[in-house]
file data.pdb (PDB, C-alpha atoms)
ATOM      1  CA  MET A   1     212.062-125.659 116.090
ATOM      2  CA  ASN A   2     210.401-127.896 118.665
ATOM      3  CA  ARG A   3     207.375-126.645 120.569
ATOM      4  CA  ILE A   4     207.633-127.747 124.192
ATOM      5  CA  ALA A   5     204.560-126.183 125.835
ATOM      6  CA  ASP A   6     202.385-123.090 125.521
ATOM      7  CA  GLY A   7     204.825-120.231 125.082
ATOM      8  CA  ILE A   8     207.953-122.391 125.006
ATOM      9  CA  ALA A   9     209.910-123.614 121.993
ATOM     10  CA  GLN A  10     213.446-124.874 121.562
ATOM     11  CA  LEU A  11     215.205-123.531 118.489
ATOM     12  CA  GLU A  12     217.632-125.590 116.447
ATOM     13  CA  LEU A  13     220.537-123.736 114.869
ATOM     14  CA  SER A  14     223.479-125.307 113.081
ATOM     15  CA  ILE A  15     226.934-124.052 112.136
ATOM     16  CA  ASP A  16     229.913-125.583 110.379
ATOM     17  CA  MET A  17     232.863-125.780 112.754
ATOM     18  CA  GLN A  18     235.910-126.707 110.665
ATOM     19  CA  GLY A  19     234.007-129.345 108.726
ATOM     20  CA  ARG A  20     231.965-130.571 111.679
ATOM     21  CA  GLN A  21     228.309-129.636 112.011
ATOM     22  CA  MET A  22     227.516-128.181 115.423
ATOM     23  CA  VAL A  23     223.906-127.806 116.574
ATOM     24  CA  ILE A  24     222.888-125.450 119.369
ATOM     25  CA  HIS A  25     219.520-124.846 120.996
ATOM     26  CA  PRO A  26     218.466-121.396 122.222
ATOM     27  CA  THR A  27     215.057-121.296 123.883
ATOM     28  CA  LEU A  28     212.185-119.032 122.865
ATOM     29  CA  LEU A  29     209.655-117.994 125.527
ATOM     30  CA  TRP A  30     206.576-115.860 124.981
ATOM     31  CA  ASP A  31     203.329-114.663 126.483
ATOM     32  CA  GLU A  32     200.937-111.854 125.599
ATOM     33  CA  GLU A  33     203.331-109.111 126.671
ATOM     34  CA  ASN A  34     206.846-110.487 126.216
ATOM     35  CA  VAL A  35     208.947-112.484 123.779
ATOM     36  CA  ILE A  36     212.217-113.708 125.254
ATOM     37  CA  LEU A  37     215.194-115.344 123.596
ATOM     38  CA  VAL A  38     217.332-117.332 126.008
ATOM     39  CA  ASP A  39     220.850-117.152 124.500
ATOM     40  CA  THR A  40     221.551-115.912 120.995
ATOM     41  CA  GLY A  41     223.937-118.302 119.255
ATOM     42  CA  PHE A  42     226.911-117.297 117.115
ATOM     43  CA  PRO A  43     227.260-114.162 114.977
ATOM     44  CA  GLY A  44     225.542-114.615 111.638
ATOM     45  CA  MET A  45     222.669-116.702 112.970
ATOM     46  CA  LEU A  46     220.043-113.952 112.866
ATOM     47  CA  PRO A  47     218.321-115.189 109.660
ATOM     48  CA  ALA A  48     218.036-118.706 111.110
ATOM     49  CA  ILE A  49     216.685-117.337 114.396
ATOM     50  CA  GLN A  50     214.085-115.299 112.514
ATOM     51  CA  ARG A  51     213.014-118.374 110.525
ATOM     52  CA  GLU A  52     212.698-120.460 113.662
ATOM     53  CA  MET A  53     210.654-117.731 115.346
ATOM     54  CA  GLU A  54     208.354-117.571 112.330
ATOM     55  CA  GLN A  55     207.827-121.333 112.517
ATOM     56  CA  ALA A  56     206.836-120.891 116.149
ATOM     57  CA  GLY A  57     204.345-118.216 115.100
ATOM     58  CA  VAL A  58     206.228-115.461 116.942
ATOM     59  CA  PRO A  59     207.289-112.458 114.825
ATOM     60  CA  PHE A  60     210.824-111.166 115.343
ATOM     61  CA  GLU A  61     209.301-107.707 115.776
ATOM     62  CA  ARG A  62     207.825-108.852 119.108
ATOM     63  CA  LEU A  63     211.181-109.872 120.605
ATOM     64  CA  ASN A  64     211.753-107.547 123.563
ATOM     65  CA  LYS A  65     214.044-109.460 125.920
ATOM     66  CA  ILE A  66     217.213-111.541 125.823
ATOM     67  CA  ILE A  67     218.283-113.607 128.804
ATOM     68  CA  PHE A  68     221.860-114.883 128.823
ATOM     69  CA  THR A  69     222.508-118.060 130.761
ATOM     70  CA  HIS A  70     226.195-117.110 130.696
ATOM     71  CA  GLN A  71     229.003-115.309 128.917
ATOM     72  CA  ASP A  72     230.307-117.880 126.387
ATOM     73  CA  PHE A  73     230.759-116.777 122.768
ATOM     74  CA  ASP A  74     228.208-119.235 121.370
ATOM     75  CA  HIS A  75     225.589-117.817 123.751
ATOM     76  CA  ILE A  76     226.160-114.058 123.423
ATOM     77  CA  GLY A  77     227.692-113.829 119.936
ATOM     78  CA  GLY A  78     224.435-113.228 118.085
ATOM     79  CA  ALA A  79     223.140-110.481 120.370
ATOM     80  CA  PRO A  80     224.799-107.415 118.762
ATOM     81  CA  GLU A  81     223.362-108.382 115.371
ATOM     82  CA  ILE A  82     219.919-108.993 116.863
ATOM     83  CA  ARG A  83     219.879-105.623 118.603
ATOM     84  CA  ALA A  84     221.113-103.830 115.482
ATOM     85  CA  ALA A  85     218.387-105.415 113.332
ATOM     86  CA  ALA A  86     215.534-104.712 115.742
ATOM     87  CA  ALA A  87     213.477-101.557 115.463
ATOM     88  CA  GLN A  88     212.131-102.276 118.935
ATOM     89  CA  GLN A  89     214.016-101.948 122.213
ATOM     90  CA  ILE A  90     215.392-105.252 123.541
ATOM     91  CA  GLU A  91     216.213-105.578 127.241
ATOM     92  CA  VAL A  92     219.173-107.829 128.093
ATOM     93  CA  LEU A  93     219.260-109.767 131.378
ATOM     94  CA  ALA A  94     222.134-111.749 132.939
ATOM     95  CA  HIS A  95     223.662-112.630 136.308
ATOM     96  CA  GLU A  96     225.821-109.912 137.863
ATOM     97  CA  LEU A  97     228.922-112.153 138.010
ATOM     98  CA  ASP A  98     228.978-112.625 134.236
ATOM     99  CA  LYS A  99     227.893-109.062 133.438
ATOM    100  CA  PRO A 100     231.417-107.526 133.251
ATOM    101  CA  TYR A 101     232.501-110.251 130.817
ATOM    102  CA  ILE A 102     229.441-109.822 128.620
ATOM    103  CA  GLU A 103     229.889-106.048 128.580
ATOM    104  CA  GLY A 104     233.593-106.296 127.736
ATOM    105  CA  ASP A 105     234.999-104.919 130.996
ATOM    106  CA  LYS A 106     236.713-108.291 131.460
ATOM    107  CA  PRO A 107     237.857-110.692 128.709
ATOM    108  CA  LEU A 108     235.560-113.652 128.110
ATOM    109  CA  ILE A 109     236.989-116.543 130.117
ATOM    110  CA  LYS A 110     237.023-119.069 127.277
ATOM    111  CA  PHE A 111     237.177-116.880 124.171
ATOM    112  CA  ASP A 112     239.617-117.837 121.420
ATOM    113  CA  ALA A 113     241.450-114.642 120.440
ATOM    114  CA  SER A 114     242.018-116.007 116.927
ATOM    115  CA  ARG A 115     238.329-115.269 116.256
ATOM    116  CA  GLY A 116     239.027-111.536 116.480
ATOM    117  CA  GLU A 117     237.259-109.100 118.739
ATOM    118  CA  PRO A 118     234.793-110.689 121.171
ATOM    119  CA  PRO A 119     231.211-109.425 121.186
ATOM    120  CA  LYS A 120     230.204-106.820 123.737
ATOM    121  CA  VAL A 121     226.627-106.489 124.884
ATOM    122  CA  LYS A 122     225.202-104.057 127.423
ATOM    123  CA  VAL A 123     223.345-105.842 130.230
ATOM    124  CA  ASP A 124     220.326-103.779 131.224
ATOM    125  CA  THR A 125     219.125-105.866 134.157
ATOM    126  CA  THR A 126     220.899-108.296 136.496
ATOM    127  CA  ILE A 127     219.062-111.339 137.819
ATOM    128  CA  ALA A 128     219.774-113.438 140.903
ATOM    129  CA  ASP A 129     219.289-116.910 142.338
ATOM    130  CA  GLY A 130     215.727-117.641 143.412
ATOM    131  CA  GLN A 131     214.300-114.605 141.655
ATOM    132  CA  VAL A 132     210.982-115.296 139.965
ATOM    133  CA  LEU A 133     210.766-113.349 136.743
ATOM    134  CA  PRO A 134     207.194-112.282 135.851
ATOM    135  CA  TYR A 135     207.077-114.005 132.478
ATOM    136  CA  LEU A 136     204.874-116.939 131.415
ATOM    137  CA  GLY A 137     203.304-116.972 134.852
ATOM    138  CA  GLY A 138     206.658-117.176 136.632
ATOM    139  CA  LEU A 139     210.180-118.093 135.581
ATOM    140  CA  THR A 140     212.581-119.015 138.395
ATOM    141  CA  VAL A 141     216.274-118.170 138.161
ATOM    142  CA  ILE A 142     218.593-120.935 139.415
ATOM    143  CA  PHE A 143     222.211-119.915 140.028
ATOM    144  CA  THR A 144     224.333-122.699 138.531
ATOM    145  CA  PRO A 145     228.007-121.615 138.549
ATOM    146  CA  GLY A 146     230.905-123.795 137.482
ATOM    147  CA  HIS A 147     230.751-123.563 133.712
ATOM    148  CA  THR A 148     231.191-119.809 134.258
ATOM    149  CA  PRO A 149     231.085-117.778 137.500
ATOM    150  CA  GLY A 150     227.670-116.293 136.711
ATOM    151  CA  HIS A 151     225.934-119.159 134.945
ATOM    152  CA  ILE A 152     222.171-119.410 135.495
ATOM    153  CA  SER A 153     219.427-121.812 134.497
ATOM    154  CA  LEU A 154     215.683-121.136 134.304
ATOM    155  CA  TYR A 155     212.732-123.165 135.597
ATOM    156  CA  HIS A 156     209.140-122.783 134.426
ATOM    157  CA  ALA A 157     206.997-124.398 137.103
ATOM    158  CA  LYS A 158     203.712-124.430 135.168
ATOM    159  CA  SER A 159     205.121-126.645 132.400
ATOM    160  CA  ARG A 160     207.801-128.275 134.606
ATOM    161  CA  THR A 161     210.432-127.191 132.080
ATOM    162  CA  LEU A 162     214.088-126.501 132.873
ATOM    163  CA  VAL A 163     216.292-124.428 130.555
ATOM    164  CA  THR A 164     219.740-125.681 131.521
ATOM    165  CA  GLY A 165     222.078-123.481 129.485
ATOM    166  CA  ASP A 166     225.447-125.246 129.661
ATOM    167  CA  ALA A 167     225.051-126.429 133.256
ATOM    168  CA  ILE A 168     224.511-129.894 131.816
ATOM    169  CA  ILE A 169     224.711-131.453 128.361
ATOM    170  CA  SER A 170     222.782-134.344 126.882
ATOM    171  CA  GLU A 171     222.902-136.873 124.084
ATOM    172  CA  ASN A 172     219.956-138.778 122.606
ATOM    173  CA  GLY A 173     217.717-137.808 125.503
ATOM    174  CA  LYS A 174     220.160-138.835 128.223
ATOM    175  CA  LEU A 175     221.667-136.268 130.602
ATOM    176  CA  LEU A 176     225.456-136.536 130.775
ATOM    177  CA  GLY A 177     226.568-133.979 133.351
ATOM    178  CA  PRO A 178     228.679-130.880 132.665
ATOM    179  CA  ASN A 179     231.009-130.724 129.697
ATOM    180  CA  GLU A 180     234.126-130.943 131.821
ATOM    181  CA  ALA A 181     236.503-129.977 129.001
ATOM    182  CA  PHE A 182     234.875-126.527 128.850
ATOM    183  CA  THR A 183     234.091-126.103 132.551
ATOM    184  CA  PRO A 184     236.725-124.249 134.624
ATOM    185  CA  ASP A 185     235.301-125.327 138.001
ATOM    186  CA  VAL A 186     234.054-128.881 137.532
ATOM    187  CA  ASP A 187     233.341-129.521 141.222
ATOM    188  CA  GLU A 188     231.186-126.397 141.426
ATOM    189  CA  ALA A 189     229.376-127.426 138.247
ATOM    190  CA  TRP A 190     228.443-130.786 139.736
ATOM    191  CA  ARG A 191     227.199-129.076 142.905
ATOM    192  CA  SER A 192     225.063-126.808 140.716
ATOM    193  CA  ILE A 193     223.500-129.775 138.938
ATOM    194  CA  ALA A 194     222.564-131.264 142.316
ATOM    195  CA  HIS A 195     220.224-128.297 142.895
ATOM    196  CA  PHE A 196     218.045-129.408 139.983
ATOM    197  CA  SER A 197     216.807-132.329 142.086
ATOM    198  CA  ASP A 198     214.970-129.760 144.239
ATOM    199  CA  PHE A 199     212.605-129.070 141.331
ATOM    200  CA  ASP A 200     209.920-131.158 139.672
ATOM    201  CA  ILE A 201     211.175-131.350 136.089
ATOM    202  CA  GLU A 202     209.421-133.068 133.229
ATOM    203  CA  THR A 203     211.500-131.611 130.374
ATOM    204  CA  ALA A 204     215.106-130.404 130.349
ATOM    205  CA  LEU A 205     216.185-128.189 127.451
ATOM    206  CA  CYS A 206     219.946-128.483 126.985
ATOM    207  CA  TYR A 207     221.729-125.935 124.809
ATOM    208  CA  HIS A 208     224.057-128.712 123.715
ATOM    209  CA  GLY A 209     222.093-131.897 123.167
ATOM    210  CA  GLY A 210     218.508-130.725 122.901
ATOM    211  CA  ILE A 211     215.396-132.071 124.616
ATOM    212  CA  CYS A 212     215.371-134.581 127.461
ATOM    213  CA  ASN A 213     211.924-135.700 128.639
ATOM    214  CA  GLN A 214     212.361-139.271 129.847
ATOM    215  CA  ASN A 215     212.809-139.874 133.596
ATOM    216  CA  VAL A 216     214.349-136.440 134.032
ATOM    217  CA  ASN A 217     213.713-136.197 137.781
ATOM    218  CA  GLU A 218     215.256-139.633 138.280
ATOM    219  CA  GLN A 219     218.338-138.672 136.277
ATOM    220  CA  PHE A 220     218.838-135.513 138.300
ATOM    221  CA  ALA A 221     218.320-137.428 141.547
ATOM    222  CA  GLU A 222     221.152-139.766 140.573
ATOM    223  CA  PHE A 223     223.417-136.818 139.790
ATOM    224  CA  ALA A 224     222.580-135.292 143.175
ATOM    225  CA  LYS A 225     223.548-138.516 144.971
ATOM    226  CA  LYS A 226     226.928-138.529 143.237
ATOM    227  CA  SER A 227     227.522-134.856 143.906
ATOM    228  CA  ARG A 228     226.673-135.065 147.613
ATOM    229  CA  ALA A 229     228.414-138.380 148.274
TER
END
call {"tool": "encode", "arguments": {"input": "data.pdb", "output": "structure tokens"}}
result
Amino acid sequence: MNRIADGIAQLELSIDMQGRQMVIHPTLLWDEENVILVDTGFPGMLPAIQREMEQAGVPFERLNKIIFTHQDFDHIGGAPEIRAAAAQQIEVLAHELDKPYIEGDKPLIKFDASRGEPPKVKVDTTIADGQVLPYLGGLTVIFTPGHTPGHISLYHAKSRTLVTGDAIISENGKLLGPNEAFTPDVDEAWRSIAHFSDFDIETALCYHGGICNQNVNEQFAEFAKKSRA
């Protein structure tokens, strides 16, 4: 767990993928009224999520919202287990274009059928581009399709923090662009990344790659130049 700012922490969860250790980074957001988990990892990660929340000083019993950045298995897979374990009601939010996939009305675009039945999660509330969610003093939804049709990212203006989801990946603090091997519409993904240059970003939290906090605005400005060239 890495604390980013007041009410923001990036979780660190690991899983063995056929002998290779994979690390993913959901984001935890909280204020006096709400505790929000942005993406939920794979099935079976609930104990690790609870430990990370405890380290952040946020009891699991306070978790009352999940925001999905998109439909991929490693982002929604842990949600059924989380909801089943919670005595409290947990509201689930996602973009309307990914909602039918998350709810199981359409098959997940990139799901490997050899894993068995995909998870299904009811989406209680749909969110849209430019919407400012009333959490932590304001959390802006940025529509960033390409990786999936309904992919979104989240911007917290007060701390200048961007939660990227899978819109962009990073390595050792350097932003790398979209993971093209897992992005059905690469051109759209690059156009989505260009929108990040419209925001003043000090810290980017990448689900794959972790924290980037060095020259983030400059890196996004360079991506925008390439995308709009």
call {"tool": "resolve_selection", "arguments": {"input": "data.pdb", "expression": "the PyMOL selection byres ((chain A and resi 51-59) around 9)", "output": "ChimeraX atom specification"}}
result
/A:1-3,9,11-13,28,30,35,46-50,60-63
call {"tool": "closest_residue", "arguments": {"input": "data.pdb", "among": "A:Leu205, A:Ile168, A:Ala181, A:Val23", "to": "Phe220 (chain A)", "atoms": "all atoms listed in the file"}}
result
A:Ile168
call {"tool": "residues_around", "arguments": {"input": "data.pdb", "residues": "Ile82 (chain A)", "least_positions_apart": "4", "cutoff": "9 Å", "atoms": "only C-alpha atoms", "output": "list in words"}}
result
Thr40, Leu46, Gly78, Ala86 and Ile90 of chain A
call {"tool": "atom_distance", "arguments": {"input": "data.pdb", "atom1": "CA of Ala113 (chain A)", "atom2": "CA of His95 (chain A)"}}
result
23.9 Å
call {"tool": "atom_distance", "arguments": {"input": "data.pdb", "atom1": "CA of Phe182 (chain A)", "atom2": "CA of Thr27 (chain A)"}}
result
21.1 Å
call {"tool": "resolve_selection", "arguments": {"input": "data.pdb", "expression": "the PyMOL selection byres ((chain A and resi 96) around 8)", "output": "list in words"}}
result
Ala94, His95, Leu97, Asp98, Lys99, Pro100, Thr126, Ile127, Ala128 and Gly150 of chain A
call {"tool": "resolve_selection", "arguments": {"input": "data.pdb", "expression": "the PyMOL selection byres ((chain A and resi 209) around 9)", "output": "number ranges by chain"}}
result
A: 23-25, 169-175, 205-208, 210-212
call {"tool": "residues_around", "arguments": {"input": "data.pdb", "residues": "Arg191 (chain A)", "least_positions_apart": "5", "cutoff": "10 Å", "atoms": "all atoms listed in the file", "output": "ChimeraX atom specification"}}
result
/A:144-146,186,196,223-224,226-228
call {"tool": "residues_near_point", "arguments": {"input": "data.pdb", "point": "(231.5, -116.9, 132.2)", "cutoff": "12 Å", "atoms": "all atoms listed in the file", "output": "MDAnalysis selection string"}}
result
chainID A and resid 68:76 94:104 106:111 144:152 165:167 182:185
call {"tool": "atom_distance", "arguments": {"input": "data.pdb", "atom1": "CA of Trp190 (chain A)", "atom2": "CA of Leu154 (chain A)"}}
result
16.9 Å
call {"tool": "closest_residue", "arguments": {"input": "data.pdb", "among": "A:Pro178, A:Pro26, A:Gly77, A:Pro43", "to": "Val121 (chain A)", "atoms": "only C-alpha atoms"}}
result
A:Gly77
call {"tool": "closest_residue", "arguments": {"input": "data.pdb", "among": "A:Met17, A:Leu29, A:Ile36, A:Ala221", "to": "His156 (chain A)", "atoms": "all atoms listed in the file"}}
result
A:Leu29
call {"tool": "decode", "arguments": {"input": "data.pdb", "residues": "region 30-104 of chain A", "atoms": "C-alpha atoms", "output": "CSV table (one decimal), in the first residue's frame"}}
result
chain,number,residue,atom,x,y,z
A,30,TRP,CA,-12.0,7.7,1.1
A,31,ASP,CA,-13.5,10.7,2.9
A,32,GLU,CA,-15.7,11.0,5.9
A,33,GLU,CA,-18.8,9.6,4.2
A,34,ASN,CA,-17.5,7.2,1.5
A,35,VAL,CA,-14.9,4.5,1.0
A,36,ILE,CA,-14.4,3.7,-2.7
A,37,LEU,CA,-12.4,0.9,-4.3
A,38,VAL,CA,-11.4,1.6,-7.9
A,39,ASP,CA,-11.2,-1.9,-9.5
A,40,THR,CA,-11.2,-5.1,-7.5
A,41,GLY,CA,-8.5,-7.4,-8.9
A,42,PHE,CA,-8.8,-11.1,-9.5
A,43,PRO,CA,-11.1,-13.6,-7.6
A,44,GLY,CA,-9.4,-14.7,-4.4
A,45,MET,CA,-7.8,-11.3,-3.6
A,46,LEU,CA,-10.2,-10.3,-0.9
A,47,PRO,CA,-7.9,-11.1,2.1
A,48,ALA,CA,-5.1,-9.1,0.5
A,49,ILE,CA,-7.4,-6.2,-0.2
A,50,GLN,CA,-8.6,-6.2,3.4
A,51,ARG,CA,-5.0,-6.2,4.6
A,52,GLU,CA,-4.1,-3.3,2.4
A,53,MET,CA,-7.1,-1.4,3.6
A,54,GLU,CA,-6.1,-2.0,7.2
A,55,GLN,CA,-2.7,-0.7,6.5
A,56,ALA,CA,-4.3,2.5,5.1
A,57,GLY,CA,-6.3,2.8,8.3
A,58,VAL,CA,-9.6,2.2,6.4
A,59,PRO,CA,-11.8,-0.7,7.7
A,60,PHE,CA,-13.3,-3.0,5.1
A,61,GLU,CA,-16.6,-2.4,6.9
A,62,ARG,CA,-16.6,1.2,5.6
A,63,LEU,CA,-16.3,0.2,2.0
A,64,ASN,CA,-19.5,1.4,0.3
A,65,LYS,CA,-18.7,2.0,-3.4
A,66,ILE,CA,-16.8,0.2,-6.2
A,67,ILE,CA,-15.9,2.1,-9.4
A,68,PHE,CA,-14.9,0.0,-12.4
A,69,THR,CA,-12.6,1.7,-14.9
A,70,HIS,CA,-13.6,-1.1,-17.3
A,71,GLN,CA,-14.8,-4.6,-17.8
A,72,ASP,CA,-11.6,-6.7,-17.9
A,73,PHE,CA,-11.4,-9.8,-15.7
A,74,ASP,CA,-8.5,-8.5,-13.6
A,75,HIS,CA,-10.6,-5.4,-12.7
A,76,ILE,CA,-14.0,-6.9,-12.0
A,77,GLY,CA,-13.1,-10.4,-10.9
A,78,GLY,CA,-12.9,-9.7,-7.2
A,79,ALA,CA,-16.2,-7.8,-6.9
A,80,PRO,CA,-18.6,-10.8,-6.4
A,81,GLU,CA,-16.5,-12.0,-3.5
A,82,ILE,CA,-16.3,-8.5,-2.0
A,83,ARG,CA,-20.0,-8.0,-2.2
A,84,ALA,CA,-20.7,-11.4,-0.7
A,85,ALA,CA,-18.3,-10.8,2.3
A,86,ALA,CA,-19.7,-7.3,3.1
A,87,ALA,CA,-22.5,-6.9,5.6
A,88,GLN,CA,-22.9,-3.3,4.3
A,89,GLN,CA,-24.4,-2.3,0.9
A,90,ILE,CA,-21.8,-1.6,-1.8
A,91,GLU,CA,-22.8,0.6,-4.8
A,92,VAL,CA,-21.1,-0.3,-8.1
A,93,LEU,CA,-20.5,2.4,-10.7
A,94,ALA,CA,-19.3,2.0,-14.3
A,95,HIS,CA,-19.6,3.6,-17.7
A,96,GLU,CA,-22.8,2.6,-19.6
A,97,LEU,CA,-20.9,1.2,-22.6
A,98,ASP,CA,-19.2,-1.4,-20.4
A,99,LYS,CA,-22.2,-2.1,-18.2
A,100,PRO,CA,-23.7,-4.9,-20.3
A,101,TYR,CA,-20.4,-6.8,-20.3
A,102,ILE,CA,-19.9,-6.4,-16.5
A,103,GLU,CA,-23.4,-7.5,-15.9
A,104,GLY,CA,-23.1,-10.6,-18.1
